[in-house]
Amino acid sequence: MFTKKYIFETKKTRAKRIAESTFFILIALFISFSLLCVYLPIYAEKQNEVSEQAFFKRSPDLIAVFTGDTGRIDFTFKKAEKNPSSRIFITGVYAKNNLEILLKKQGKNISIDEYLEQESHHIELDYLARNTIENSLATLNYIKTLPATQKILIISSDYHIFRISKIMNALKDQNSEIEFYYESIPMDYTKLNNIQKLAKEVYKFVKASTFLFFWDREGVNL
């Protein structure tokens, strides 16, 4: 595309050739970006269907939520109420929060003290993770402490699920029998701020993919 068209190329023809090539590259990038924006919520919806079938008559061994946007923790607590036998892992919790504070923020109908007494023993908080890759690593390390855990449900916003699934697939032990499923919170894309989140997610996905491409798994204790 950037090769010469003429044996003796002038500055004018060279500038024109580069401008045309750059234009077509930008168009291709824009189309790819737009298609990925459309695909992310569709992918998440399909994963919801897979999870619904997988957990139709059984509960996940572990429900993990990747924090970072509103509604995720509340969605997880409601999911936990329907699956009382599932352990809960909340990764990426703000340092000043604890389980009691999180419950109060969600406006639980039952007594906070009662909930803490009945449920806190199977809820684990992770304060160290600062991004999705660290969320994934924290989840995988927590799973190692639960030998009987095989079916894991990961919860996040719909735009986030595609990136999570690709990261988890890259980081997990390929010989492991652990199965990951994903359930998402649908976003309203008639709102500008959600469209902005979706567009930003595409950039984050490209960034994470580049990191994983060059990432050396050796030396990382999973």
# chains A, B, ... in the order shown; residues from 1 in each chain; ligands from 1
$ closest_atom_pairs --of "stretch 68-94 of chain A" --to "stretch 132-137 of chain A" --cutoff "12 Å" --atoms "only C-alpha atoms" --output "Markdown table"
| residue | atom | partner | partner_atom | distance |
| --- | --- | --- | --- | --- |
| A:Gly68 | CA | A:Thr132 | CA | 9.1 |
| A:Phe89 | CA | A:Asn135 | CA | 10.3 |
| A:Ile90 | CA | A:Asn135 | CA | 9.1 |
| A:Thr91 | CA | A:Asn135 | CA | 5.8 |
| A:Gly92 | CA | A:Asn135 | CA | 6.4 |
| A:Val93 | CA | A:Asn135 | CA | 10.1 |
$ write_last_selection --atoms "N, CA, C and O atoms" --output "PDB file, in the first residue's frame"
ATOM      1  N   GLY A  68     -15.871  -2.176  39.507  1.00  0.00           N
ATOM      2  CA  GLY A  68     -15.403  -1.118  38.620  1.00  0.00           C
ATOM      3  C   GLY A  68     -16.516  -0.260  38.052  1.00  0.00           C
ATOM      4  O   GLY A  68     -16.269   0.846  37.587  1.00  0.00           O
ATOM      5  N   PHE A  89     -16.749 -14.193  45.639  1.00  0.00           N
ATOM      6  CA  PHE A  89     -15.450 -13.530  45.627  1.00  0.00           C
ATOM      7  C   PHE A  89     -15.608 -12.173  44.955  1.00  0.00           C
ATOM      8  O   PHE A  89     -15.988 -12.092  43.793  1.00  0.00           O
ATOM      9  N   ILE A  90     -15.339 -11.102  45.703  1.00  0.00           N
ATOM     10  CA  ILE A  90     -15.459  -9.742  45.183  1.00  0.00           C
ATOM     11  C   ILE A  90     -14.059  -9.173  45.036  1.00  0.00           C
ATOM     12  O   ILE A  90     -13.378  -8.922  46.038  1.00  0.00           O
ATOM     13  N   THR A  91     -13.619  -8.966  43.815  1.00  0.00           N
ATOM     14  CA  THR A  91     -12.247  -8.537  43.580  1.00  0.00           C
ATOM     15  C   THR A  91     -12.188  -7.093  43.094  1.00  0.00           C
ATOM     16  O   THR A  91     -13.001  -6.661  42.285  1.00  0.00           O
ATOM     17  N   GLY A  92     -11.208  -6.360  43.631  1.00  0.00           N
ATOM     18  CA  GLY A  92     -11.048  -4.958  43.268  1.00  0.00           C
ATOM     19  C   GLY A  92     -11.803  -4.028  44.198  1.00  0.00           C
ATOM     20  O   GLY A  92     -12.201  -2.934  43.804  1.00  0.00           O
ATOM     21  N   VAL A  93     -11.970  -4.446  45.450  1.00  0.00           N
ATOM     22  CA  VAL A  93     -12.720  -3.640  46.424  1.00  0.00           C
ATOM     23  C   VAL A  93     -11.863  -2.452  46.888  1.00  0.00           C
ATOM     24  O   VAL A  93     -10.661  -2.598  47.125  1.00  0.00           O
TER      25      VAL A  93
END
$ residues_around --residues "stretch 202-215 of chain A" --least-positions-apart "2" --cutoff "6 Å" --atoms "only C-alpha atoms" --output "PDB file with N, CA and C atoms, in the first residue's frame"
ATOM      1  N   ARG A 163     -13.606  -8.980  27.188  1.00  0.00           N
ATOM      2  CA  ARG A 163     -12.203  -8.823  27.608  1.00  0.00           C
ATOM      3  C   ARG A 163     -11.880  -9.767  28.764  1.00  0.00           C
ATOM      4  N   ALA A 199     -16.937   2.453  24.035  1.00  0.00           N
ATOM      5  CA  ALA A 199     -15.822   2.853  23.178  1.00  0.00           C
ATOM      6  C   ALA A 199     -14.492   2.720  23.910  1.00  0.00           C
ATOM      7  N   LYS A 200     -14.473   3.104  25.172  1.00  0.00           N
ATOM      8  CA  LYS A 200     -13.254   2.991  25.974  1.00  0.00           C
ATOM      9  C   LYS A 200     -12.863   1.538  26.171  1.00  0.00           C
TER      10      LYS A 200
END
$ residues_around --residues "A:Ser156" --least-positions-apart "5" --cutoff "8 Å" --atoms "only C-alpha atoms" --output "list in words"
Val65, Phe66, Thr67, Arg72, Ile161, Glu183, Ser184 and Ile185 of chain A
$ closest_residue --among "A:Asp158, A:Glu45, A:Glu20, A:Glu9" --to "A:Gly71" --atoms "only C-alpha atoms"
A:Asp158
$ atom_distance --atom1 "atom CA of A:Glu49" --atom2 "atom CA of A:Pro186"
13.0 Å
$ select_by_dssp --residues "chain A" --states "strand (DSSP E or B)" --output "PyMOL selection string"
chain A and resi 62-66+87-91+123-126+151-157+179-185
$ closest_residue --among "A:Phe162, A:Phe23, A:Phe75, A:Phe180" --to "A:Val38" --atoms "only C-alpha atoms"
A:Phe162
